[in-house]
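For reference, start01.csv is printed below; it contains CSV, C-alpha atoms and all ligand atoms.
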```csv
chain,number,residue,atom,x,y,z
P,207,MET,CA,63.2,184.7,143.4
P,208,ARG,CA,61.3,185.4,140.2
P,209,LYS,CA,64.4,186.8,138.6
P,210,ILE,CA,66.2,183.5,139.3
P,211,PHE,CA,63.4,181.5,137.8
P,212,MET,CA,63.5,183.8,134.8
P,213,LEU,CA,67.2,183.4,134.4
P,214,ALA,CA,67.0,179.6,134.7
P,215,PHE,CA,64.3,179.6,132.1
P,216,ILE,CA,66.3,181.6,129.7
P,217,LEU,CA,69.3,179.4,130.3
P,218,ILE,CA,67.3,176.2,129.5
P,219,LEU,CA,65.9,177.8,126.5
P,220,ALA,CA,69.4,178.7,125.3
P,221,LEU,CA,70.6,175.2,125.9
P,222,VAL,CA,67.7,173.6,124.1
P,223,SER,CA,67.9,175.9,121.1
P,224,CYS,CA,71.7,175.3,121.0
P,225,SER,CA,71.4,171.5,120.7
P,226,TYR,CA,68.4,172.0,118.5
P,227,SER,CA,70.5,173.9,116.0
P,228,GLN,CA,73.3,171.2,116.1
P,229,GLU,CA,70.8,168.5,115.4
P,230,ASN,CA,69.3,170.3,112.5
P,231,ILE,CA,72.5,170.7,110.6
P,232,THR,CA,72.6,168.8,107.4
P,233,ILE,CA,76.0,168.0,105.8
P,234,GLY,CA,76.3,167.1,102.1
P,235,ALA,CA,79.5,165.1,101.7
P,236,CYS,CA,81.0,164.0,98.4
P,237,ILE,CA,83.7,161.3,98.2
P,238,TYR,CA,85.7,161.0,95.0
P,239,ARG,CA,85.2,157.2,94.9
P,240,PHE,CA,83.7,154.8,97.4
P,241,ASN,CA,85.9,151.9,96.2
P,242,ASP,CA,89.0,153.2,97.9
P,243,ALA,CA,90.3,151.5,101.1
P,244,PHE,CA,91.6,154.6,102.8
P,245,MET,CA,88.5,156.7,101.9
P,246,LEU,CA,86.3,154.0,103.4
P,247,ARG,CA,88.1,154.6,106.7
P,248,PHE,CA,87.6,158.3,106.2
P,249,ARG,CA,83.9,157.9,105.5
P,250,ASN,CA,83.3,155.7,108.5
P,251,ALA,CA,85.0,158.3,110.7
P,252,MET,CA,82.7,161.1,109.3
P,253,GLN,CA,79.6,159.0,109.8
P,254,ALA,CA,80.7,158.1,113.4
P,255,GLU,CA,81.3,161.8,114.3
P,256,SER,CA,78.0,162.9,112.8
P,257,GLU,CA,76.1,160.3,114.8
P,258,LYS,CA,77.9,161.5,117.9
P,259,SER,CA,77.2,165.2,117.4
P,260,GLY,CA,73.7,164.7,116.0
P,261,ALA,CA,74.4,166.3,112.6
P,262,LYS,CA,72.7,164.7,109.6
P,263,ILE,CA,75.2,163.6,107.0
P,264,SER,CA,74.5,162.4,103.5
P,265,ILE,CA,77.5,160.9,101.6
P,266,THR,CA,77.7,160.4,97.8
P,267,ASP,CA,80.0,158.3,95.6
P,268,GLY,CA,81.6,160.4,92.8
P,269,GLN,CA,82.7,157.1,91.1
P,270,ASP,CA,86.0,158.8,90.1
P,271,ASP,CA,84.1,161.1,87.7
P,272,GLN,CA,84.1,164.9,88.2
P,273,ASN,CA,80.9,165.4,86.2
P,274,THR,CA,79.1,162.9,88.4
P,275,GLN,CA,80.3,164.7,91.5
P,276,ASP,CA,79.4,168.1,90.2
P,277,ALA,CA,75.8,166.9,89.7
P,278,GLN,CA,75.8,165.6,93.3
P,279,ILE,CA,77.0,169.0,94.6
P,280,ASP,CA,74.3,170.8,92.6
P,281,GLU,CA,71.7,168.5,94.1
P,282,PHE,CA,73.0,169.1,97.7
P,283,ILE,CA,72.8,172.8,97.2
P,284,ALA,CA,69.4,172.6,95.6
P,285,ASN,CA,68.2,170.6,98.6
P,286,GLY,CA,69.5,173.3,101.0
P,287,VAL,CA,72.2,171.5,102.9
P,288,ASN,CA,73.9,173.8,105.5
P,289,VAL,CA,77.5,172.9,104.7
P,290,LEU,CA,79.5,170.8,102.1
P,291,ILE,CA,82.4,168.4,102.7
P,292,ILE,CA,84.1,167.7,99.4
P,293,ASN,CA,86.8,165.2,98.4
P,294,PRO,CA,87.2,166.4,94.8
P,295,VAL,CA,87.7,163.9,92.0
P,296,ASP,CA,90.0,166.4,90.3
P,297,ARG,CA,91.4,168.8,92.9
P,298,MET,CA,92.4,171.3,90.2
P,299,THR,CA,88.7,171.9,89.4
P,300,SER,CA,87.9,172.9,93.0
P,301,GLN,CA,87.5,176.6,92.0
P,302,GLY,CA,84.2,175.7,90.3
P,303,ILE,CA,83.0,174.0,93.5
P,304,ILE,CA,84.1,177.0,95.6
P,305,ASP,CA,82.3,179.4,93.3
P,306,LYS,CA,79.1,177.4,93.6
P,307,ALA,CA,79.3,177.2,97.4
P,308,LYS,CA,80.0,180.9,97.6
P,309,SER,CA,77.0,182.0,95.5
P,310,ALA,CA,74.8,179.8,97.7
P,311,ASN,CA,76.6,181.2,100.8
P,312,ILE,CA,77.3,177.7,102.1
P,313,PRO,CA,80.6,176.9,103.8
P,314,VAL,CA,82.7,174.2,102.2
P,315,VAL,CA,85.3,171.9,103.8
P,316,PHE,CA,87.6,170.1,101.3
P,317,ILE,CA,89.2,166.9,102.4
P,318,ASN,CA,92.1,164.7,101.3
P,319,ARG,CA,92.6,166.4,97.9
P,320,GLU,CA,94.0,169.8,98.4
P,321,PRO,CA,92.8,172.9,96.4
P,322,THR,CA,95.5,175.5,95.8
P,323,PRO,CA,95.8,178.3,98.4
P,324,GLU,CA,94.6,180.8,95.7
P,325,MET,CA,91.4,178.8,95.4
P,326,LEU,CA,90.8,178.5,99.2
P,327,ASN,CA,91.5,182.2,99.6
P,328,SER,CA,88.9,183.1,97.0
P,329,TYR,CA,86.1,182.3,99.6
P,330,GLU,CA,86.4,183.1,103.3
P,331,ARG,CA,84.1,180.1,104.1
P,332,ALA,CA,86.4,177.6,102.3
P,333,TYR,CA,88.6,175.2,104.4
P,334,TYR,CA,90.9,172.2,104.0
P,335,VAL,CA,91.3,169.2,106.3
P,336,GLY,CA,94.1,166.8,105.5
P,337,ALA,CA,97.7,165.8,106.2
P,338,LYS,CA,101.0,167.2,104.9
P,339,ALA,CA,101.9,165.1,101.9
P,340,GLU,CA,105.6,165.8,102.2
P,341,GLU,CA,105.6,164.5,105.8
P,342,SER,CA,104.3,161.1,104.7
P,343,GLY,CA,106.9,161.0,101.9
P,344,THR,CA,109.7,161.8,104.3
P,345,GLN,CA,108.6,159.2,106.8
P,346,ALA,CA,108.3,156.5,104.1
P,347,GLY,CA,111.8,157.3,102.9
P,348,GLN,CA,113.1,157.1,106.4
P,349,LEU,CA,111.7,153.6,106.8
P,350,ILE,CA,113.7,152.5,103.8
P,351,ALA,CA,116.9,154.3,105.0
P,352,ASP,CA,116.6,152.9,108.5
P,353,TYR,CA,116.2,149.4,107.0
P,354,PHE,CA,119.4,149.8,104.9
P,355,LYS,CA,121.3,151.0,108.0
P,356,ALA,CA,120.2,148.0,110.0
P,357,HIS,CA,120.7,145.6,107.0
P,358,PRO,CA,123.8,146.4,104.9
P,359,GLU,CA,123.2,143.2,103.0
P,360,ALA,CA,120.1,144.8,101.5
P,361,ASP,CA,122.5,146.6,99.1
P,362,LYS,CA,122.5,143.4,97.0
P,363,ASN,CA,124.9,144.6,94.2
P,364,HIS,CA,127.2,146.2,96.8
P,365,ASP,CA,127.4,149.5,95.0
P,366,GLY,CA,126.6,151.7,98.0
P,367,LYS,CA,123.3,152.8,96.3
P,368,ILE,CA,119.7,151.9,96.7
P,369,GLN,CA,118.1,150.7,93.5
P,370,PHE,CA,114.4,151.2,94.0
P,371,VAL,CA,111.1,151.0,92.0
P,372,MET,CA,108.3,153.5,92.7
P,373,LEU,CA,104.6,153.0,92.4
P,374,LYS,CA,102.7,156.2,92.2
P,375,GLY,CA,99.1,157.3,92.9
P,376,GLN,CA,96.8,159.3,90.6
P,377,ASN,CA,98.4,161.9,88.4
P,378,GLY,CA,98.2,165.5,89.8
P,379,HIS,CA,97.3,164.4,93.4
P,380,GLN,CA,99.4,166.2,96.0
P,381,ASP,CA,100.1,162.9,97.7
P,382,MET,CA,101.4,161.4,94.5
P,383,ILE,CA,103.7,164.4,93.7
P,384,LEU,CA,105.0,165.1,97.2
P,385,ARG,CA,105.3,161.5,98.5
P,386,SER,CA,107.3,160.5,95.4
P,387,LYS,CA,109.6,163.5,95.8
P,388,TYR,CA,110.1,163.5,99.6
P,389,SER,CA,110.6,159.8,100.0
P,390,VAL,CA,113.6,160.0,97.8
P,391,GLU,CA,114.8,163.2,99.5
P,392,ALA,CA,114.7,161.4,102.9
P,393,ILE,CA,116.8,158.6,101.6
P,394,LYS,CA,119.4,161.1,100.4
P,395,ALA,CA,119.2,163.0,103.7
P,396,ALA,CA,120.0,159.8,105.5
P,397,GLY,CA,123.3,159.5,103.6
P,398,PHE,CA,122.3,157.0,100.8
P,399,GLU,CA,122.2,157.4,97.1
P,400,PRO,CA,118.8,156.4,95.7
P,401,VAL,CA,118.6,155.2,92.1
P,402,GLU,CA,115.1,154.9,90.6
P,403,ILE,CA,115.3,152.0,88.2
P,404,ALA,CA,111.6,152.0,87.3
P,405,SER,CA,108.4,153.9,88.2
P,406,ALA,CA,104.8,153.9,87.1
P,407,ILE,CA,101.4,155.3,88.0
P,408,ALA,CA,99.1,152.7,89.5
P,409,ASN,CA,96.3,155.1,90.6
P,410,TRP,CA,96.2,154.0,94.3
P,411,ASP,CA,95.0,150.6,93.1
P,412,LYS,CA,96.2,147.2,94.2
P,413,LEU,CA,95.5,145.2,91.0
P,414,GLN,CA,97.1,147.8,88.8
P,415,ALA,CA,100.2,147.9,91.1
P,416,MET,CA,100.4,144.1,91.0
P,417,ASN,CA,100.4,144.0,87.2
P,418,ILE,CA,103.0,146.7,87.0
P,419,MET,CA,105.2,145.1,89.6
P,420,ASN,CA,104.9,141.8,87.7
P,421,ALA,CA,106.1,143.5,84.6
P,422,PHE,CA,109.0,145.2,86.5
P,423,ILE,CA,110.0,141.8,87.9
P,424,MET,CA,110.0,140.2,84.5
P,425,SER,CA,112.0,143.0,82.8
P,426,ILE,CA,114.4,144.0,85.6
P,427,GLY,CA,114.8,140.7,87.5
P,428,PRO,CA,113.8,140.7,91.2
P,429,GLU,CA,117.4,140.2,92.2
P,430,ASN,CA,118.1,143.7,90.8
P,431,ILE,CA,115.4,145.5,92.8
P,432,GLU,CA,116.5,146.6,96.3
P,433,ALA,CA,113.4,148.4,97.5
P,434,VAL,CA,109.8,149.2,96.6
P,435,ILE,CA,108.3,152.6,97.5
P,436,ALA,CA,104.6,152.9,97.0
P,437,ASN,CA,102.6,156.1,97.5
P,438,ASN,CA,99.9,154.1,99.4
P,439,ASP,CA,99.3,150.7,101.1
P,440,GLU,CA,97.0,149.3,98.4
P,441,MET,CA,99.8,149.6,95.8
P,442,ALA,CA,102.4,148.3,98.3
P,443,LEU,CA,100.2,145.2,98.8
P,444,GLY,CA,99.9,144.8,95.0
P,445,ALA,CA,103.7,144.8,94.8
P,446,VAL,CA,103.8,142.3,97.7
P,447,GLU,CA,101.4,140.0,95.8
P,448,ALA,CA,103.7,140.1,92.7
P,449,LEU,CA,106.8,139.5,94.8
P,450,LYS,CA,105.1,136.5,96.5
P,451,ASN,CA,104.2,135.1,93.1
P,452,ASN,CA,107.9,135.1,92.4
P,453,ASP,CA,108.8,133.5,95.8
P,454,TYR,CA,110.0,136.7,97.3
P,455,ASN,CA,108.8,138.1,100.7
P,456,LYS,CA,107.6,134.7,101.9
P,457,GLY,CA,110.0,134.2,104.8
P,458,ASP,CA,113.3,133.4,103.2
P,459,PRO,CA,115.6,136.3,104.2
P,460,ALA,CA,117.7,135.8,101.0
P,461,LEU,CA,114.6,136.4,98.9
P,462,TYR,CA,113.3,139.6,100.5
P,463,ILE,CA,112.7,143.1,99.2
P,464,PRO,CA,111.6,145.9,101.6
P,465,VAL,CA,108.3,147.4,100.6
P,466,VAL,CA,106.8,150.5,102.1
P,467,GLY,CA,103.4,152.2,101.7
P,468,VAL,CA,101.3,154.9,103.3
P,469,ASP,CA,97.9,154.8,105.2
P,470,ALA,CA,98.3,152.0,107.8
P,471,ASN,CA,95.2,150.2,106.5
P,472,ALA,CA,94.4,147.0,108.4
P,473,SER,CA,95.5,144.8,105.4
P,474,ALA,CA,98.9,146.5,105.3
P,475,LEU,CA,99.4,146.0,109.1
P,476,ASP,CA,98.6,142.3,108.6
P,477,ALA,CA,101.1,142.0,105.8
P,478,MET,CA,103.7,143.7,108.1
P,479,ASP,CA,102.9,141.2,110.8
P,480,LYS,CA,103.6,138.4,108.4
P,481,GLY,CA,106.9,139.9,107.4
P,482,GLU,CA,105.7,140.5,103.8
P,483,MET,CA,105.9,144.3,104.0
P,484,LEU,CA,108.4,146.5,105.8
P,485,GLY,CA,106.4,149.4,107.0
P,486,THR,CA,103.8,152.1,106.4
P,487,VAL,CA,102.8,155.6,107.6
P,488,LEU,CA,99.6,156.2,109.5
P,489,ASN,CA,97.3,158.4,107.5
P,490,ASP,CA,95.0,159.3,110.4
P,491,ALA,CA,91.5,158.9,108.9
P,492,ASP,CA,89.8,158.9,112.3
P,493,ASN,CA,91.1,162.4,113.2
P,494,GLN,CA,90.7,163.7,109.6
P,495,GLY,CA,87.1,162.5,109.4
P,496,ALA,CA,86.1,163.7,112.9
P,497,SER,CA,87.7,167.1,112.5
P,498,ALA,CA,86.1,167.7,109.1
P,499,VAL,CA,82.7,167.0,110.5
P,500,LYS,CA,83.3,169.1,113.6
P,501,LEU,CA,84.6,172.0,111.5
P,502,ALA,CA,81.6,171.7,109.1
P,503,ALA,CA,79.1,171.6,112.0
P,504,ALA,CA,80.7,174.6,113.6
P,505,LEU,CA,80.7,176.6,110.4
P,506,ALA,CA,77.0,175.7,109.8
P,507,SER,CA,75.9,176.6,113.3
P,508,GLY,CA,78.0,179.7,113.7
P,509,LYS,CA,79.9,178.2,116.5
P,510,ASP,CA,83.5,179.4,117.1
P,511,ILE,CA,85.7,177.1,114.9
P,512,ASN,CA,88.6,177.5,117.3
P,513,SER,CA,86.7,175.7,120.0
P,514,ILE,CA,86.3,172.3,118.2
P,515,GLY,CA,89.5,170.8,119.7
P,516,TYR,CA,91.6,171.0,116.5
P,517,THR,CA,94.1,173.7,115.6
P,518,ILE,CA,93.0,175.8,112.6
P,519,THR,CA,96.1,177.1,110.8
P,520,ASP,CA,96.0,180.4,108.8
P,521,ASN,CA,92.2,180.3,109.4
P,522,LYS,CA,92.0,177.8,106.6
P,523,TYR,CA,93.6,174.4,107.4
P,524,ILE,CA,93.4,171.6,109.8
P,525,TRP,CA,96.6,169.5,109.5
P,526,ILE,CA,96.5,166.0,111.1
P,527,PRO,CA,100.0,164.6,111.6
P,528,TYR,CA,101.3,161.4,109.9
P,529,GLN,CA,103.1,158.7,112.0
P,530,LYS,CA,105.6,156.0,111.0
P,531,VAL,CA,104.4,152.4,111.6
P,532,THR,CA,106.8,149.5,111.6
P,533,ARG,CA,106.5,145.8,112.5
P,534,GLY,CA,105.5,145.3,116.1
P,535,ASP,CA,103.7,148.6,116.5
P,536,LYS,CA,100.3,147.1,115.7
P,601,LIG,C1,95.6,159.3,99.9
P,601,LIG,C2,95.7,157.9,100.4
P,601,LIG,C3,95.4,156.9,99.2
P,601,LIG,C4,94.1,157.3,98.5
P,601,LIG,C5,94.0,158.8,98.2
P,601,LIG,C6,92.7,159.2,97.6
P,601,LIG,O1,95.8,160.2,101.0
P,601,LIG,O2,96.9,157.6,100.9
P,601,LIG,O3,95.3,155.6,99.7
P,601,LIG,O4,93.0,157.0,99.4
P,601,LIG,O5,94.3,159.6,99.3
P,601,LIG,O6,92.6,160.5,97.3
P,602,CA,CA,122.7,148.8,95.5
```
Can you give me the file's structure in the form of structure tokens?
Ligand code: GAL
Ligand code: CA
Amino acid sequence: MRKIFMLAFILILALVSCSYSQENITIGACIYRFNDAFMLRFRNAMQAESEKSGAKISITDGQDDQNTQDAQIDEFIANGVNVLIINPVDRMTSQGIIDKAKSANIPVVFINREPTPEMLNSYERAYYVGAKAEESGTQAGQLIADYFKAHPEADKNHDGKIQFVMLKGQNGHQDMILRSKYSVEAIKAAGFEPVEIASAIANWDKLQAMNIMNAFIMSIGPENIEAVIANNDEMALGAVEALKNNDYNKGDPALYIPVVGVDANASALDAMDKGEMLGTVLNDADNQGASAVKLAAALASGKDINSIGYTITDNKYIWIPYQKVTRGDK
């Protein structure tokens, strides 16, 4: 009998100390810039998961400045956080962040902006949570190809080719490079010949994209643009604004240019419902945010990272799949 009591006592002790250690975890998280519609969804997902699991999370705004973010990381380390979640301003400087984490012996989970494999491999406690950029590019290109298959009249100059303009995200971002490349590849793979008539960097930003699209419309003429491919929804919506200002995409089928983005932000889904935008690709912030926090908490508490409910690839990566979204899917 005594033995059983003893055993139960030890079990309760173990359970209490287990939840105690989870609740005592502090996560220092750095976002490249708060003023980013997709990263807002990501932040909210991390906050929600932290509340659920009892981990303490503190999230800072890097204001799109790597020096500002570096200072925030130094402060987190000085304050003794148990684990870092980093959305680097400049993913190519991630080695410096990894070195800092390594010398403090703190695990680090990168999100959304992917360090190179060499960088991640330089520290066994460095990880990446994100989505495969090429997958989103392929799916965005397929949305355009599917539209042209269903609407032969979209080839306005009847030359059998698709004359498109491209709005690109920040320079050097894997999503900018690979979405631009694979969207065009997917159009080719579907049997069309894509022709880029103009392209520009609009830094994920709606206003910049609107101004650029306005300039394209002025110089090229809207009647000569057969499709708009944007690396994200905010830029797609900027393009839609510019088109609407020129009486396009307001309901007249003769004055319509298919526009695609990536993210599936609420504002893009609304534009799709109104027929102003063709489609988007779900960038799953909920699962990326939740898995990043779960991974970080497991790393900090010494829990098996393979038991958090997400597949860890190459002992380094959590890949959350993208998903095509068209009108009516909302
Ligand atoms: C991309 C997303 C963009 C922007 C960017 C920030 O994955 O599609 O909208 O948020 O990340 O790094
Ligand atoms: Ca054409």
If we count all atoms listed in the file, what is near stretch 315-322 of chain P at a cut-off of 10 Å, once residues fewer than 4 positions away on the same chain are taken out, given as JSON, numbers by chain?
{"P": [235, 236, 237, 238, 245, 248, 289, 290, 291, 292, 293, 294, 295, 296, 297, 298, 299, 300, 301, 303, 304, 326, 327, 331, 332, 333, 334, 335, 336, 337, 338, 339, 378, 379, 380, 381, 491, 494, 495, 498, 499, 501, 502, 505, 522, 523, 524]}
Write out as a PyMOL selection string each polymer residue (protein, DNA or RNA) that has an atom no more than 8 Å from ligand CA 602 (chain P), with only C-alpha atoms and all ligand atoms counted.
chain P and resi 360-369+432
What does the list of residues within 7 Å of ligand LIG 601 (chain P) look like if you count all atoms listed in the file, written as a PyMOL selection string?
chain P and resi 242-245+318-319+381+410+437-440+468-469+489
Which one of P:Gln345, P:Ser328, P:Gln269, P:Asn430 sits closest to P:Asp305 if you count only C-alpha atoms?
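Among P:Gln345, P:Ser328, P:Gln269, P:Asn430, it is P:Ser328 that comes nearest to P:Asp305.
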At most 10 Å is the cut-off: for each residue in stretch 239-342 of chain P with any atom that close to an atom of stretch 346-354 of chain P, write down the nearest atom pair and the distance in Å rounded to one decimal, counting all atoms listed in the file, chain first then increasing number, as CSV.
```
residue,atom,partner,partner_atom,distance
P:Glu340,CA,P:Ala346,CA,9.9
P:Glu341,CA,P:Ala346,CA,8.6
P:Ser342,CA,P:Ala346,CA,6.1
```
Given only C-alpha atoms as the basis, pick out the residue of P:Ile263, P:Ala496, P:Val466, P:Met424 nearest to P:Ile526.
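Using only C-alpha atoms, P:Ile526 sits closest to P:Ala496.
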I want to know what sits within 12 Å of P:Leu449, based on only C-alpha atoms, with residues of the same chain fewer than 5 positions away left out; could you give that as a ChimeraX atom specification?
/P:415-424,427-429,431,433-434,442-444,454-457,461-465,482-483
What lies within 6 Å of stretch 284-288 of chain P using all atoms listed in the file, ignoring chain neighbours under 2 positions off, as a list in words?
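Surrounding residues, per the criterion: Thr232, Ile233, Glu281, Phe282 and Ala506 of chain P.
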For atom CA of P:Gln272 and atom CA of P:Ser309, determine how far apart the two atoms are, in Å to one decimal place.
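Separation of atom CA of P:Gln272 and atom CA of P:Ser309: 19.9 Å.
Nearest to P:Ala251 of all the residues P:Asp492, P:Lys500, P:Trp525, P:Thr517 is P:Asp492, based on only C-alpha atoms.
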In Å, with one decimal, what is the gap from atom CA of P:Glu330 to atom CA of P:Val314?
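For atom CA of P:Glu330 relative to atom CA of P:Val314, the distance reads 9.7 Å.
What separates atom CA of P:Ile426 from atom CA of P:Ile393 is a distance of 21.8 Å.
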Which residue, P:Lys387, P:Lys308, P:Lys509, P:Lys374, has the smallest gap to P:Met441 when you use only C-alpha atoms?
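Ranking P:Lys387, P:Lys308, P:Lys509, P:Lys374 by distance to P:Met441, first place goes to P:Lys374.
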Under the rule that only C-alpha atoms are counted, which of P:Gly268, P:Pro358, P:Pro459, P:Gly260 is the nearest residue to P:Phe240?
P:Gly268
Nearest to P:Asp458, chosen from P:Leu373, P:Asp270, P:Gly481, P:Gly343, with all atoms listed in the file counted in the distances
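The closest residue to P:Asp458 is P:Gly481.
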